[in-house]
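Shown next: coords-v2.txt, containing compact mmCIF, C-alpha atoms.
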```txt
# COMPACT_ATOMS: atom_id res chain seq x y z
CA LEU A 159 -9.78 -5.70 -9.20
CA ALA A 160 -6.54 -3.82 -9.29
CA ASP A 161 -4.73 -3.68 -12.63
CA PHE A 162 -1.74 -5.74 -11.49
CA ILE A 163 -0.61 -6.70 -14.96
CA GLN A 164 0.20 -3.08 -15.95
CA SER A 165 1.56 -2.03 -12.58
CA LYS A 166 5.24 -1.44 -11.82
CA TYR A 167 4.81 -1.42 -8.02
CA ILE A 168 2.29 -3.50 -6.09
CA LEU A 169 1.70 -2.97 -2.37
CA LEU A 170 -0.66 -5.59 -0.93
CA PHE A 171 -2.12 -5.35 2.55
CA GLY A 172 -3.31 -8.62 4.13
CA TRP A 173 -3.95 -10.57 0.98
CA ASN A 174 -2.60 -13.87 -0.33
CA PRO A 175 -3.85 -13.98 -3.93
CA THR A 176 -1.35 -16.59 -5.17
CA SER A 177 -2.81 -19.33 -2.99
CA ALA A 178 -5.95 -18.16 -1.20
CA ILE A 179 -7.70 -17.39 -4.43
CA LYS A 180 -11.18 -16.25 -5.14
CA TRP A 181 -10.52 -15.77 -8.84
CA VAL A 182 -8.61 -18.66 -10.39
CA TYR A 183 -6.75 -16.47 -12.90
CA LEU A 184 -5.41 -14.02 -10.30
CA PRO A 185 -2.22 -15.92 -9.33
CA ARG A 186 -1.11 -15.95 -12.96
CA ILE A 187 -1.84 -12.25 -13.40
CA LEU A 188 0.18 -11.36 -10.31
CA THR A 189 3.13 -13.58 -11.27
CA ARG A 190 3.01 -12.22 -14.83
CA ALA A 191 3.31 -8.69 -13.43
CA ILE A 192 6.40 -9.75 -11.48
CA GLU A 193 7.83 -11.39 -14.60
CA LYS A 194 7.30 -8.08 -16.43
CA GLY A 195 9.32 -6.28 -13.74
CA ALA A 196 6.75 -5.15 -11.18
CA ARG A 197 7.98 -4.90 -7.62
CA LEU A 198 5.74 -6.75 -5.13
CA VAL A 199 5.64 -5.72 -1.47
CA VAL A 200 3.36 -7.69 0.84
CA VAL A 201 2.18 -6.43 4.23
CA ASP A 202 1.07 -9.44 6.26
CA PRO A 203 1.85 -10.92 9.67
CA TYR A 204 1.98 -14.34 8.01
CA LEU A 205 4.65 -15.43 5.54
CA SER A 206 2.10 -16.43 2.94
CA ASP A 207 2.82 -17.86 -0.48
CA THR A 208 2.33 -14.37 -1.94
CA ALA A 209 4.70 -12.80 0.61
CA ALA A 210 7.30 -15.45 -0.21
CA LYS A 211 7.05 -14.56 -3.90
CA GLY A 212 7.35 -10.84 -3.19
CA HIS A 213 10.41 -8.65 -3.24
CA ASP A 214 9.67 -7.47 0.29
CA TRP A 215 7.61 -8.95 3.09
CA LEU A 216 6.62 -6.50 5.80
CA ALA A 217 5.82 -8.76 8.76
CA ILE A 218 3.44 -6.35 10.44
CA ARG A 219 1.94 -6.71 13.90
CA PRO A 220 -1.68 -7.85 13.36
CA GLY A 221 -4.26 -5.07 13.28
CA THR A 222 -1.79 -2.23 12.69
CA ASP A 223 -2.10 -1.85 8.91
CA GLY A 224 -3.76 1.54 9.28
CA ALA A 225 -0.82 2.91 11.25
CA LEU A 226 1.54 1.79 8.50
CA ALA A 227 -0.62 3.43 5.83
CA LEU A 228 -0.66 6.70 7.79
CA ALA A 229 3.13 6.66 8.20
CA LEU A 230 3.60 5.98 4.49
CA ALA A 231 1.32 8.92 3.75
CA HIS A 232 3.28 11.09 6.18
CA CYS A 233 6.51 10.41 4.27
CA ILE A 234 4.95 10.92 0.85
CA ILE A 235 3.40 14.26 1.86
CA ARG A 236 6.49 15.43 3.78
CA ASP A 237 8.67 14.77 0.74
CA GLY A 238 6.21 16.31 -1.74
CA LEU A 239 5.85 13.02 -3.64
CA TYR A 240 2.06 12.83 -3.74
CA ASP A 241 0.12 13.14 -6.99
CA LYS A 242 -0.79 16.82 -6.76
CA ASP A 243 -3.07 16.78 -9.79
CA PHE A 244 -5.07 13.79 -8.57
CA VAL A 245 -5.34 15.17 -5.04
CA GLU A 246 -6.44 18.59 -6.27
CA ASN A 247 -9.02 17.32 -8.73
CA TRP A 248 -10.39 14.16 -7.11
CA THR A 249 -10.19 14.52 -3.33
CA VAL A 250 -11.60 16.70 -0.58
CA GLY A 251 -10.20 17.56 2.83
CA PHE A 252 -6.54 17.27 1.91
CA ASP A 253 -5.48 20.02 4.33
CA LYS A 254 -7.10 18.15 7.22
CA TYR A 255 -5.45 14.91 6.09
CA VAL A 256 -2.04 16.60 5.98
CA GLU A 257 -2.57 17.87 9.51
CA TYR A 258 -3.74 14.45 10.70
CA VAL A 259 -0.68 12.57 9.41
CA LYS A 260 1.81 15.25 10.46
CA ASP A 261 2.83 13.33 13.58
CA LYS A 262 2.43 9.84 12.07
CA THR A 263 6.14 9.46 11.48
CA PRO A 264 7.93 6.23 10.58
CA GLU A 265 9.33 6.17 14.12
CA TRP A 266 5.79 6.45 15.53
CA ALA A 267 4.62 3.61 13.29
CA GLU A 268 7.62 1.40 14.04
CA LYS A 269 6.56 1.21 17.71
CA ILE A 270 3.04 0.18 16.68
CA THR A 271 3.62 -2.02 13.63
CA SER A 272 7.09 -3.54 14.28
CA ILE A 273 8.14 -2.42 10.76
CA PRO A 274 11.50 -0.59 10.99
CA ALA A 275 11.30 3.15 10.30
CA TYR A 276 13.92 2.94 7.55
CA LYS A 277 11.79 0.32 5.73
CA ILE A 278 8.70 2.55 5.98
CA GLU A 279 10.69 5.39 4.42
CA GLU A 280 11.91 3.11 1.62
CA VAL A 281 8.46 1.75 0.80
CA ALA A 282 6.91 5.23 0.87
CA HIS A 283 9.49 6.57 -1.56
CA ASP A 284 9.18 3.61 -3.93
CA LEU A 285 5.38 3.63 -3.80
CA ALA A 286 5.27 7.31 -4.71
CA THR A 287 7.93 7.26 -7.42
CA ILE A 288 7.60 3.94 -9.25
CA LYS A 289 4.65 4.38 -11.60
CA PRO A 290 2.10 3.08 -12.12
CA ALA A 291 1.64 1.78 -8.60
CA VAL A 292 -1.22 -0.04 -6.96
CA VAL A 293 -2.18 -0.20 -3.29
CA ASP A 294 -4.60 -3.01 -2.60
CA ALA A 295 -6.09 -4.63 0.48
CA TRP A 296 -8.30 -7.60 1.04
CA SER A 297 -9.98 -9.05 4.07
CA GLY A 298 -6.92 -9.42 6.32
CA PRO A 299 -6.77 -5.86 7.66
CA GLY A 300 -10.55 -5.64 7.87
CA GLN A 301 -10.87 -8.48 10.38
CA HIS A 302 -9.75 -6.38 13.34
CA THR A 303 -11.70 -4.07 15.61
CA ASN A 304 -10.10 -1.08 13.86
CA GLY A 305 -10.56 -2.57 10.38
CA VAL A 306 -12.78 0.19 9.05
CA GLN A 307 -10.33 2.92 10.02
CA GLY A 308 -7.37 0.89 8.75
CA GLY A 309 -9.17 0.37 5.46
CA ARG A 310 -9.83 4.09 5.20
CA ALA A 311 -6.14 4.82 5.78
CA ILE A 312 -5.16 2.34 3.06
CA ALA A 313 -7.72 3.78 0.61
CA ALA A 314 -6.50 7.33 1.33
CA LEU A 315 -2.92 6.18 0.69
CA ALA A 316 -3.96 4.88 -2.73
CA ALA A 317 -5.60 8.24 -3.51
CA LEU A 318 -2.49 10.10 -2.38
CA ILE A 319 -0.48 8.48 -5.16
CA GLY A 320 -3.27 8.85 -7.74
CA GLY A 321 -4.00 5.15 -7.57
CA TYR A 322 -7.56 5.05 -8.87
CA ASP A 323 -9.10 4.69 -12.31
CA ARG A 324 -5.84 4.59 -14.24
CA PRO A 325 -3.97 1.78 -15.99
CA GLY A 326 -1.72 -0.06 -13.56
CA THR A 327 -3.65 1.00 -10.47
```
Take the structure from the file and write it as structure tokens.
Amino acid sequence: LADFIQSKYILLFGWNPTSAIKWVYLPRILTRAIEKGARLVVVDPYLSDTAAKGHDWLAIRPGTDGALALALAHCIIRDGLYDKDFVENWTVGFDKYVEYVKDKTPEWAEKITSIPAYKIEEVAHDLATIKPAVVDAWSGPGQHTNGVQGGRAIAALAALIGGYDRPGT
């Protein structure tokens, strides 16, 4: 599981851990993180209990989570906010990834996801600059025909900010 309790910024894709729980202690961990000052942003078409408790609810068009993740990555790379050390030492194919997201602008994603471009810019900046940050997804995004590719885009976004194997990630 993600280290919510030590995180300062939590971006959840398609997950409602405060009420649709698999682990009974998870709602308390997530609310404790918020009490300690973590910012919670929930990407979900449904205004879930978790989204209602969050600081931001991104009411995304179902099945478009991958497009949002790619647009967030576009902004983070464009603005030089990615974790250069993590990317250099723990990833492969970054040049191809940069080329792939070059045209995945917030305006492009707005047409697909229904999330306003300005909000995509804001979330990308916060995700990349408020540390430690966690990007986490559950089964929601994976239930669509493009779920594998959307999941890959979300996982790559987490890597872009150095969001693996560190406290708060």
Within 12 Å of stretch 178-182 of chain A, which residues of stretch 194-250 of chain A show up? Give each one with its shortest atom-to-atom distance in Å (one decimal) and the two atoms involved, counting all atoms listed in the file, rows by chain then rising residue number, as JSON lines.
```
{"residue": "A:Ser206", "atom": "CA", "partner": "A:Ala178", "partner_atom": "CA", "distance": 9.2}
{"residue": "A:Asp207", "atom": "CA", "partner": "A:Ala178", "partner_atom": "CA", "distance": 8.8}
{"residue": "A:Thr208", "atom": "CA", "partner": "A:Ala178", "partner_atom": "CA", "distance": 9.1}
```
Could you give me, as a PDB file with C-alpha atoms, keeping the file's coordinate frame, the residues within 10 Å of A:Lys166, counting all atoms listed in the file and dropping anything in the same chain fewer than 5 positions from it?
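The resulting file, out_32.pdb, is reproduced below:
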```
ATOM      1  CA  ALA A 191       3.310  -8.690 -13.430  1.00  0.00           C
ATOM      2  CA  ILE A 192       6.400  -9.750 -11.480  1.00  0.00           C
ATOM      3  CA  LYS A 194       7.300  -8.080 -16.430  1.00  0.00           C
ATOM      4  CA  GLY A 195       9.320  -6.280 -13.740  1.00  0.00           C
ATOM      5  CA  ALA A 196       6.750  -5.150 -11.180  1.00  0.00           C
ATOM      6  CA  ARG A 197       7.980  -4.900  -7.620  1.00  0.00           C
ATOM      7  CA  LEU A 198       5.740  -6.750  -5.130  1.00  0.00           C
ATOM      8  CA  LEU A 285       5.380   3.630  -3.800  1.00  0.00           C
ATOM      9  CA  ILE A 288       7.600   3.940  -9.250  1.00  0.00           C
ATOM     10  CA  LYS A 289       4.650   4.380 -11.600  1.00  0.00           C
ATOM     11  CA  PRO A 290       2.100   3.080 -12.120  1.00  0.00           C
ATOM     12  CA  ALA A 291       1.640   1.780  -8.600  1.00  0.00           C
ATOM     13  CA  VAL A 292      -1.220  -0.040  -6.960  1.00  0.00           C
ATOM     14  CA  GLY A 326      -1.720  -0.060 -13.560  1.00  0.00           C
ATOM     15  CA  THR A 327      -3.650   1.000 -10.470  1.00  0.00           C
TER      16      THR A 327
END
```
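Nearest residue to A:His232 among A:Thr271, A:Leu184, A:Ala314, A:Glu246 is A:Ala314, counting all atoms listed in the file.
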Near A:Asn174, within 10 Å and counting only C-alpha atoms, which residues show up once chain neighbours fewer than 3 positions away are dropped, as a list of chain:residue names?
A:Leu170, A:Phe171, A:Ser177, A:Ala178, A:Ile179, A:Pro185, A:Val200, A:Val201, A:Asp202, A:Tyr204, A:Leu205, A:Ser206, A:Asp207, A:Thr208, A:Ala209, A:Ala295, A:Trp296, A:Ser297, A:Gly298
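A straight line drawn from atom CA of A:Tyr167 to atom CA of A:Arg190 is 12.9 Å long.
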In terms of the shortest atom-to-atom distance over only C-alpha atoms, which of A:Tyr322, A:Tyr255, A:Tyr276, A:Trp173 is closest to A:Asp161?
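Ranking A:Tyr322, A:Tyr255, A:Tyr276, A:Trp173 by distance to A:Asp161, first place goes to A:Tyr322.
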Counting only C-alpha atoms, which residue out of A:Thr176, A:Thr249, A:Thr263, A:Asn304 sits closest to A:Pro220?
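Result for the nearest residue to A:Pro220: A:Asn304.
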In Å, how far is it from atom CA of A:Tyr240 to atom CA of A:His283?
10.0 Å
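For the pair atom CA of A:Gln164 and atom CA of A:Pro325, the separation is 6.4 Å.
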Reconstruct N, CA, C and O atoms of stretch 298-316 of chain A; output as a PDB file, keeping the file's coordinate frame.
```pdb
ATOM      1  N   GLY A 298      -7.800  -9.338   5.151  1.00  0.00           N
ATOM      2  CA  GLY A 298      -6.920  -9.420   6.320  1.00  0.00           C
ATOM      3  C   GLY A 298      -7.007  -8.235   7.249  1.00  0.00           C
ATOM      4  O   GLY A 298      -7.378  -8.371   8.422  1.00  0.00           O
ATOM      5  N   PRO A 299      -6.715  -7.022   6.778  1.00  0.00           N
ATOM      6  CA  PRO A 299      -6.770  -5.860   7.660  1.00  0.00           C
ATOM      7  C   PRO A 299      -8.172  -5.561   8.191  1.00  0.00           C
ATOM      8  O   PRO A 299      -8.326  -4.991   9.266  1.00  0.00           O
ATOM      9  N   GLY A 300      -9.185  -5.944   7.466  1.00  0.00           N
ATOM     10  CA  GLY A 300     -10.550  -5.640   7.870  1.00  0.00           C
ATOM     11  C   GLY A 300     -11.115  -6.527   8.956  1.00  0.00           C
ATOM     12  O   GLY A 300     -12.222  -6.297   9.436  1.00  0.00           O
ATOM     13  N   GLN A 301     -10.370  -7.538   9.384  1.00  0.00           N
ATOM     14  CA  GLN A 301     -10.870  -8.480  10.380  1.00  0.00           C
ATOM     15  C   GLN A 301     -10.567  -8.066  11.809  1.00  0.00           C
ATOM     16  O   GLN A 301     -10.770  -8.844  12.736  1.00  0.00           O
ATOM     17  N   HIS A 302     -10.103  -6.868  12.001  1.00  0.00           N
ATOM     18  CA  HIS A 302      -9.750  -6.380  13.340  1.00  0.00           C
ATOM     19  C   HIS A 302     -10.753  -5.328  13.791  1.00  0.00           C
ATOM     20  O   HIS A 302     -11.492  -4.762  12.988  1.00  0.00           O
ATOM     21  N   THR A 303     -10.746  -5.034  15.064  1.00  0.00           N
ATOM     22  CA  THR A 303     -11.700  -4.070  15.610  1.00  0.00           C
ATOM     23  C   THR A 303     -11.538  -2.684  14.985  1.00  0.00           C
ATOM     24  O   THR A 303     -12.479  -1.917  14.940  1.00  0.00           O
ATOM     25  N   ASN A 304     -10.352  -2.376  14.504  1.00  0.00           N
ATOM     26  CA  ASN A 304     -10.100  -1.080  13.860  1.00  0.00           C
ATOM     27  C   ASN A 304     -10.056  -1.218  12.336  1.00  0.00           C
ATOM     28  O   ASN A 304      -9.496  -0.374  11.657  1.00  0.00           O
ATOM     29  N   GLY A 305     -10.649  -2.275  11.810  1.00  0.00           N
ATOM     30  CA  GLY A 305     -10.560  -2.570  10.380  1.00  0.00           C
ATOM     31  C   GLY A 305     -11.116  -1.497   9.475  1.00  0.00           C
ATOM     32  O   GLY A 305     -10.564  -1.236   8.408  1.00  0.00           O
ATOM     33  N   VAL A 306     -12.194  -0.862   9.884  1.00  0.00           N
ATOM     34  CA  VAL A 306     -12.780   0.190   9.050  1.00  0.00           C
ATOM     35  C   VAL A 306     -11.805   1.364   8.933  1.00  0.00           C
ATOM     36  O   VAL A 306     -11.536   1.866   7.840  1.00  0.00           O
ATOM     37  N   GLN A 307     -11.255   1.784  10.054  1.00  0.00           N
ATOM     38  CA  GLN A 307     -10.330   2.920  10.020  1.00  0.00           C
ATOM     39  C   GLN A 307      -9.036   2.559   9.295  1.00  0.00           C
ATOM     40  O   GLN A 307      -8.490   3.373   8.548  1.00  0.00           O
ATOM     41  N   GLY A 308      -8.560   1.332   9.487  1.00  0.00           N
ATOM     42  CA  GLY A 308      -7.370   0.890   8.750  1.00  0.00           C
ATOM     43  C   GLY A 308      -7.633   0.866   7.263  1.00  0.00           C
ATOM     44  O   GLY A 308      -6.791   1.282   6.468  1.00  0.00           O
ATOM     45  N   GLY A 309      -8.803   0.389   6.875  1.00  0.00           N
ATOM     46  CA  GLY A 309      -9.170   0.370   5.460  1.00  0.00           C
ATOM     47  C   GLY A 309      -9.257   1.771   4.874  1.00  0.00           C
ATOM     48  O   GLY A 309      -8.855   2.001   3.721  1.00  0.00           O
ATOM     49  N   ARG A 310      -9.768   2.697   5.668  1.00  0.00           N
ATOM     50  CA  ARG A 310      -9.830   4.090   5.200  1.00  0.00           C
ATOM     51  C   ARG A 310      -8.431   4.654   4.994  1.00  0.00           C
ATOM     52  O   ARG A 310      -8.170   5.365   4.017  1.00  0.00           O
ATOM     53  N   ALA A 311      -7.520   4.332   5.903  1.00  0.00           N
ATOM     54  CA  ALA A 311      -6.140   4.820   5.780  1.00  0.00           C
ATOM     55  C   ALA A 311      -5.471   4.238   4.535  1.00  0.00           C
ATOM     56  O   ALA A 311      -4.743   4.943   3.830  1.00  0.00           O
ATOM     57  N   ILE A 312      -5.735   2.977   4.248  1.00  0.00           N
ATOM     58  CA  ILE A 312      -5.160   2.340   3.060  1.00  0.00           C
ATOM     59  C   ILE A 312      -5.760   2.955   1.796  1.00  0.00           C
ATOM     60  O   ILE A 312      -5.046   3.252   0.833  1.00  0.00           O
ATOM     61  N   ALA A 313      -7.066   3.169   1.778  1.00  0.00           N
ATOM     62  CA  ALA A 313      -7.720   3.780   0.610  1.00  0.00           C
ATOM     63  C   ALA A 313      -7.220   5.205   0.381  1.00  0.00           C
ATOM     64  O   ALA A 313      -7.001   5.620  -0.765  1.00  0.00           O
ATOM     65  N   ALA A 314      -7.018   5.959   1.459  1.00  0.00           N
ATOM     66  CA  ALA A 314      -6.500   7.330   1.330  1.00  0.00           C
ATOM     67  C   ALA A 314      -5.067   7.312   0.790  1.00  0.00           C
ATOM     68  O   ALA A 314      -4.682   8.179   0.001  1.00  0.00           O
ATOM     69  N   LEU A 315      -4.286   6.319   1.199  1.00  0.00           N
ATOM     70  CA  LEU A 315      -2.920   6.180   0.690  1.00  0.00           C
ATOM     71  C   LEU A 315      -2.939   5.965  -0.825  1.00  0.00           C
ATOM     72  O   LEU A 315      -2.161   6.572  -1.556  1.00  0.00           O
ATOM     73  N   ALA A 316      -3.841   5.118  -1.287  1.00  0.00           N
ATOM     74  CA  ALA A 316      -3.960   4.880  -2.730  1.00  0.00           C
ATOM     75  C   ALA A 316      -4.320   6.175  -3.459  1.00  0.00           C
ATOM     76  O   ALA A 316      -3.769   6.475  -4.526  1.00  0.00           O
TER      77      ALA A 316
END
```
